[in-house]
Amino acid sequence: MPRPTHFEIPAENPERVMNFYGSIFGWTFQKWDGPQPYWLVTTGPDTEPGINGGILTKRDPQQPCVNTVTVPDVDASVAAVTANGGKIALPKMAVPGVGWLAYGMDPEGNMFGMMQMDSSAK
């Protein structure tokens with residue numbers, strides 16, 4: 001059963017947000033060398049329940065936090081979203097070296113991500 005495995009927090013000032021969460025919860029951050037500014041968030045040890053995430057520069061004032069679910073087949077998941085009354089907010093795209101990502105919206109307008117892991121994605 002696919003489960004949430006990653007979250008993203010958009011921020012106008014990523015450093016301010018990292019300082020905030022680092023001070024409150026002790027989260028740590030590492031710059032990811034990708035196609036856009038992105039910081040990986042470690043929320044705790046892998047031996048404890050929970051998920052890690054990312055901080056990215058906000059592209060739109062209304063950009064929400066997004067929880068991403070790891071799925072075995074992003075194309076099948078995209079088809080299931082639309083077949084069940086949802087919408088696709090971000091079509092399938094490659095995250096180089098990581099996998100294939102798409103964003104969906106449920107019938108209430110809540111956004112979520114779907115990631116198919118594939119290190120050969122370009």
# chains A, B, ... in the order shown; residues from 1 in each chain; ligands from 1

$ residues_around --residues "Gly26 in chain A" --least-positions-apart "6" --cutoff "12 Å" --atoms "only C-alpha atoms" --output "PyMOL selection string"
chain A and resi 18-20+41-45

$ select_by_dssp --residues "chain A" --states "alpha helix (DSSP H)" --output "MDAnalysis selection string"
chainID A and resid 14:25 74:83

$ write_last_selection --atoms "C-alpha atoms" --output "PDB file, in the first residue's frame"
ATOM      1  CA  PRO A  14      14.044  29.268   2.792  1.00  0.00           C
ATOM      2  CA  GLU A  15      16.785  30.205   5.279  1.00  0.00           C
ATOM      3  CA  ARG A  16      14.228  31.772   7.637  1.00  0.00           C
ATOM      4  CA  VAL A  17      12.024  28.658   7.455  1.00  0.00           C
ATOM      5  CA  MET A  18      15.001  26.347   8.032  1.00  0.00           C
ATOM      6  CA  ASN A  19      16.043  28.384  11.069  1.00  0.00           C
ATOM      7  CA  PHE A  20      12.470  28.220  12.378  1.00  0.00           C
ATOM      8  CA  TYR A  21      12.042  24.442  12.095  1.00  0.00           C
ATOM      9  CA  GLY A  22      15.616  23.795  13.173  1.00  0.00           C
ATOM     10  CA  SER A  23      15.085  25.852  16.330  1.00  0.00           C
ATOM     11  CA  ILE A  24      11.668  24.381  17.144  1.00  0.00           C
ATOM     12  CA  PHE A  25      12.172  20.692  16.291  1.00  0.00           C
ATOM     13  CA  VAL A  74       3.091   7.182 -11.581  1.00  0.00           C
ATOM     14  CA  ASP A  75       1.220   6.880 -14.897  1.00  0.00           C
ATOM     15  CA  ALA A  76      -1.299   4.471 -13.353  1.00  0.00           C
ATOM     16  CA  SER A  77      -1.648   6.743 -10.313  1.00  0.00           C
ATOM     17  CA  VAL A  78      -2.282   9.803 -12.516  1.00  0.00           C
ATOM     18  CA  ALA A  79      -4.974   7.839 -14.384  1.00  0.00           C
ATOM     19  CA  ALA A  80      -6.550   6.762 -11.074  1.00  0.00           C
ATOM     20  CA  VAL A  81      -6.661  10.367  -9.825  1.00  0.00           C
ATOM     21  CA  THR A  82      -8.630  11.584 -12.828  1.00  0.00           C
ATOM     22  CA  ALA A  83     -10.849   8.470 -12.902  1.00  0.00           C
TER      23      ALA A  83
END

$ residues_around --residues "Thr57 in chain A" --least-positions-apart "3" --cutoff "7 Å" --atoms "only C-alpha atoms" --output "list in words"
Pro10, Ala11, Glu12, Pro14 and Pro37 of chain A

$ write_last_selection --atoms "N, CA and C atoms" --output "mmCIF file, in the first residue's frame"
data_model
loop_
_atom_site.group_PDB
_atom_site.id
_atom_site.type_symbol
_atom_site.label_atom_id
_atom_site.label_comp_id
_atom_site.auth_asym_id
_atom_site.auth_seq_id
_atom_site.Cartn_x
_atom_site.Cartn_y
_atom_site.Cartn_z
ATOM 1 N N PRO A 10 7.053 25.050 0.873
ATOM 2 C CA PRO A 10 7.502 26.179 0.065
ATOM 3 C C PRO A 10 7.732 27.399 0.954
ATOM 4 N N ALA A 11 8.735 28.195 0.612
ATOM 5 C CA ALA A 11 9.066 29.355 1.437
ATOM 6 C C ALA A 11 9.586 30.499 0.581
ATOM 7 N N GLU A 12 9.139 31.713 0.900
ATOM 8 C CA GLU A 12 9.691 32.898 0.246
ATOM 9 C C GLU A 12 11.139 33.098 0.668
ATOM 10 N N PRO A 14 13.728 30.612 2.281
ATOM 11 C CA PRO A 14 14.044 29.268 2.792
ATOM 12 C C PRO A 14 14.927 29.269 4.038
ATOM 13 N N PRO A 37 16.864 25.474 -6.533
ATOM 14 C CA PRO A 37 17.242 25.524 -5.116
ATOM 15 C C PRO A 37 16.328 24.626 -4.282
#

$ select_by_dssp --residues "chain A" --states "strand (DSSP E)" --output "number ranges by chain"
A: 4-11, 28-31, 38-42, 52-57, 66-70, 87-95, 99-105, 111-117

$ residues_around --residues "Gly104 in chain A" --least-positions-apart "2" --cutoff "7 Å" --atoms "only C-alpha atoms" --output "ChimeraX atom specification"
/A:81,86-90,102,106,111-113

$ residues_around --residues "Thr70 in chain A" --least-positions-apart "5" --cutoff "9 Å" --atoms "only C-alpha atoms" --output "list in words"
Pro2, Arg3, Pro4, Thr5, His6, Gly113, Met114, Met115, Gln116 and Met117 of chain A

$ decode --residues "range 14-101 of chain A" --atoms "C-alpha atoms" --output "PDB file, in the first residue's frame"
ATOM      1  CA  PRO A  14      14.044  29.268   2.792  1.00  0.00           C
ATOM      2  CA  GLU A  15      16.785  30.205   5.279  1.00  0.00           C
ATOM      3  CA  ARG A  16      14.228  31.772   7.637  1.00  0.00           C
ATOM      4  CA  VAL A  17      12.024  28.658   7.455  1.00  0.00           C
ATOM      5  CA  MET A  18      15.001  26.347   8.032  1.00  0.00           C
ATOM      6  CA  ASN A  19      16.043  28.384  11.069  1.00  0.00           C
ATOM      7  CA  PHE A  20      12.470  28.220  12.378  1.00  0.00           C
ATOM      8  CA  TYR A  21      12.042  24.442  12.095  1.00  0.00           C
ATOM      9  CA  GLY A  22      15.616  23.795  13.173  1.00  0.00           C
ATOM     10  CA  SER A  23      15.085  25.852  16.330  1.00  0.00           C
ATOM     11  CA  ILE A  24      11.668  24.381  17.144  1.00  0.00           C
ATOM     12  CA  PHE A  25      12.172  20.692  16.291  1.00  0.00           C
ATOM     13  CA  GLY A  26      15.923  20.251  15.782  1.00  0.00           C
ATOM     14  CA  TRP A  27      15.469  19.353  12.103  1.00  0.00           C
ATOM     15  CA  THR A  28      18.613  19.444   9.961  1.00  0.00           C
ATOM     16  CA  PHE A  29      18.975  20.592   6.355  1.00  0.00           C
ATOM     17  CA  GLN A  30      21.274  19.785   3.461  1.00  0.00           C
ATOM     18  CA  LYS A  31      21.393  21.595   0.124  1.00  0.00           C
ATOM     19  CA  TRP A  32      20.449  19.272  -2.733  1.00  0.00           C
ATOM     20  CA  ASP A  33      22.417  19.674  -5.944  1.00  0.00           C
ATOM     21  CA  GLY A  34      19.462  19.682  -8.327  1.00  0.00           C
ATOM     22  CA  PRO A  35      17.987  21.795 -11.104  1.00  0.00           C
ATOM     23  CA  GLN A  36      16.449  24.281  -8.638  1.00  0.00           C
ATOM     24  CA  PRO A  37      17.242  25.524  -5.116  1.00  0.00           C
ATOM     25  CA  TYR A  38      16.165  22.725  -2.758  1.00  0.00           C
ATOM     26  CA  TRP A  39      17.118  21.641   0.741  1.00  0.00           C
ATOM     27  CA  LEU A  40      16.579  18.124   2.090  1.00  0.00           C
ATOM     28  CA  VAL A  41      15.057  18.030   5.571  1.00  0.00           C
ATOM     29  CA  THR A  42      15.937  15.315   8.079  1.00  0.00           C
ATOM     30  CA  THR A  43      13.310  15.177  10.815  1.00  0.00           C
ATOM     31  CA  GLY A  44      14.828  12.346  12.842  1.00  0.00           C
ATOM     32  CA  PRO A  45      16.595   8.993  12.697  1.00  0.00           C
ATOM     33  CA  ASP A  46      15.398   6.367  10.203  1.00  0.00           C
ATOM     34  CA  THR A  47      14.818   3.986  13.120  1.00  0.00           C
ATOM     35  CA  GLU A  48      11.875   6.125  14.360  1.00  0.00           C
ATOM     36  CA  PRO A  49       8.443   6.599  12.711  1.00  0.00           C
ATOM     37  CA  GLY A  50       8.117   9.662  10.525  1.00  0.00           C
ATOM     38  CA  ILE A  51       9.089  11.064   7.146  1.00  0.00           C
ATOM     39  CA  ASN A  52      11.712  13.470   5.891  1.00  0.00           C
ATOM     40  CA  GLY A  53      11.101  16.228   3.390  1.00  0.00           C
ATOM     41  CA  GLY A  54      12.299  19.283   1.580  1.00  0.00           C
ATOM     42  CA  ILE A  55      12.247  23.074   1.554  1.00  0.00           C
ATOM     43  CA  LEU A  56      11.943  24.862  -1.767  1.00  0.00           C
ATOM     44  CA  THR A  57      11.646  28.439  -2.919  1.00  0.00           C
ATOM     45  CA  LYS A  58       7.979  29.393  -3.238  1.00  0.00           C
ATOM     46  CA  ARG A  59       6.981  29.970  -6.883  1.00  0.00           C
ATOM     47  CA  ASP A  60       3.445  31.203  -6.186  1.00  0.00           C
ATOM     48  CA  PRO A  61       1.967  33.034  -3.163  1.00  0.00           C
ATOM     49  CA  GLN A  62      -0.720  30.327  -2.849  1.00  0.00           C
ATOM     50  CA  GLN A  63       1.694  27.375  -3.173  1.00  0.00           C
ATOM     51  CA  PRO A  64       0.726  24.809  -0.505  1.00  0.00           C
ATOM     52  CA  CYS A  65       2.741  22.305   1.502  1.00  0.00           C
ATOM     53  CA  VAL A  66       2.646  18.976  -0.327  1.00  0.00           C
ATOM     54  CA  ASN A  67       2.845  15.434   1.013  1.00  0.00           C
ATOM     55  CA  THR A  68       4.211  12.959  -1.527  1.00  0.00           C
ATOM     56  CA  VAL A  69       3.299   9.285  -1.728  1.00  0.00           C
ATOM     57  CA  THR A  70       5.724   6.782  -3.265  1.00  0.00           C
ATOM     58  CA  VAL A  71       3.851   4.778  -5.917  1.00  0.00           C
ATOM     59  CA  PRO A  72       4.927   1.830  -8.086  1.00  0.00           C
ATOM     60  CA  ASP A  73       3.630   3.424 -11.338  1.00  0.00           C
ATOM     61  CA  VAL A  74       3.091   7.182 -11.581  1.00  0.00           C
ATOM     62  CA  ASP A  75       1.220   6.880 -14.897  1.00  0.00           C
ATOM     63  CA  ALA A  76      -1.299   4.471 -13.353  1.00  0.00           C
ATOM     64  CA  SER A  77      -1.648   6.743 -10.313  1.00  0.00           C
ATOM     65  CA  VAL A  78      -2.282   9.803 -12.516  1.00  0.00           C
ATOM     66  CA  ALA A  79      -4.974   7.839 -14.384  1.00  0.00           C
ATOM     67  CA  ALA A  80      -6.550   6.762 -11.074  1.00  0.00           C
ATOM     68  CA  VAL A  81      -6.661  10.367  -9.825  1.00  0.00           C
ATOM     69  CA  THR A  82      -8.630  11.584 -12.828  1.00  0.00           C
ATOM     70  CA  ALA A  83     -10.849   8.470 -12.902  1.00  0.00           C
ATOM     71  CA  ASN A  84     -11.865   9.114  -9.296  1.00  0.00           C
ATOM     72  CA  GLY A  85     -12.805  12.787  -9.566  1.00  0.00           C
ATOM     73  CA  GLY A  86      -9.427  14.378  -8.924  1.00  0.00           C
ATOM     74  CA  LYS A  87      -7.323  16.651 -11.105  1.00  0.00           C
ATOM     75  CA  ILE A  88      -3.684  16.740 -12.129  1.00  0.00           C
ATOM     76  CA  ALA A  89      -1.994  19.942 -10.966  1.00  0.00           C
ATOM     77  CA  LEU A  90       1.505  19.101 -12.252  1.00  0.00           C
ATOM     78  CA  PRO A  91       1.888  16.569 -15.071  1.00  0.00           C
ATOM     79  CA  LYS A  92       4.478  13.812 -14.811  1.00  0.00           C
ATOM     80  CA  MET A  93       8.011  15.194 -14.807  1.00  0.00           C
ATOM     81  CA  ALA A  94      11.469  13.795 -14.204  1.00  0.00           C
ATOM     82  CA  VAL A  95      13.349  14.570 -11.018  1.00  0.00           C
ATOM     83  CA  PRO A  96      16.845  13.784 -12.354  1.00  0.00           C
ATOM     84  CA  GLY A  97      18.439  10.823 -10.627  1.00  0.00           C
ATOM     85  CA  VAL A  98      15.431  10.325  -8.330  1.00  0.00           C
ATOM     86  CA  GLY A  99      12.313   9.385 -10.275  1.00  0.00           C
ATOM     87  CA  TRP A 100       9.057  10.553 -11.836  1.00  0.00           C
ATOM     88  CA  LEU A 101       6.825  13.050 -10.043  1.00  0.00           C
TER      89      LEU A 101
END
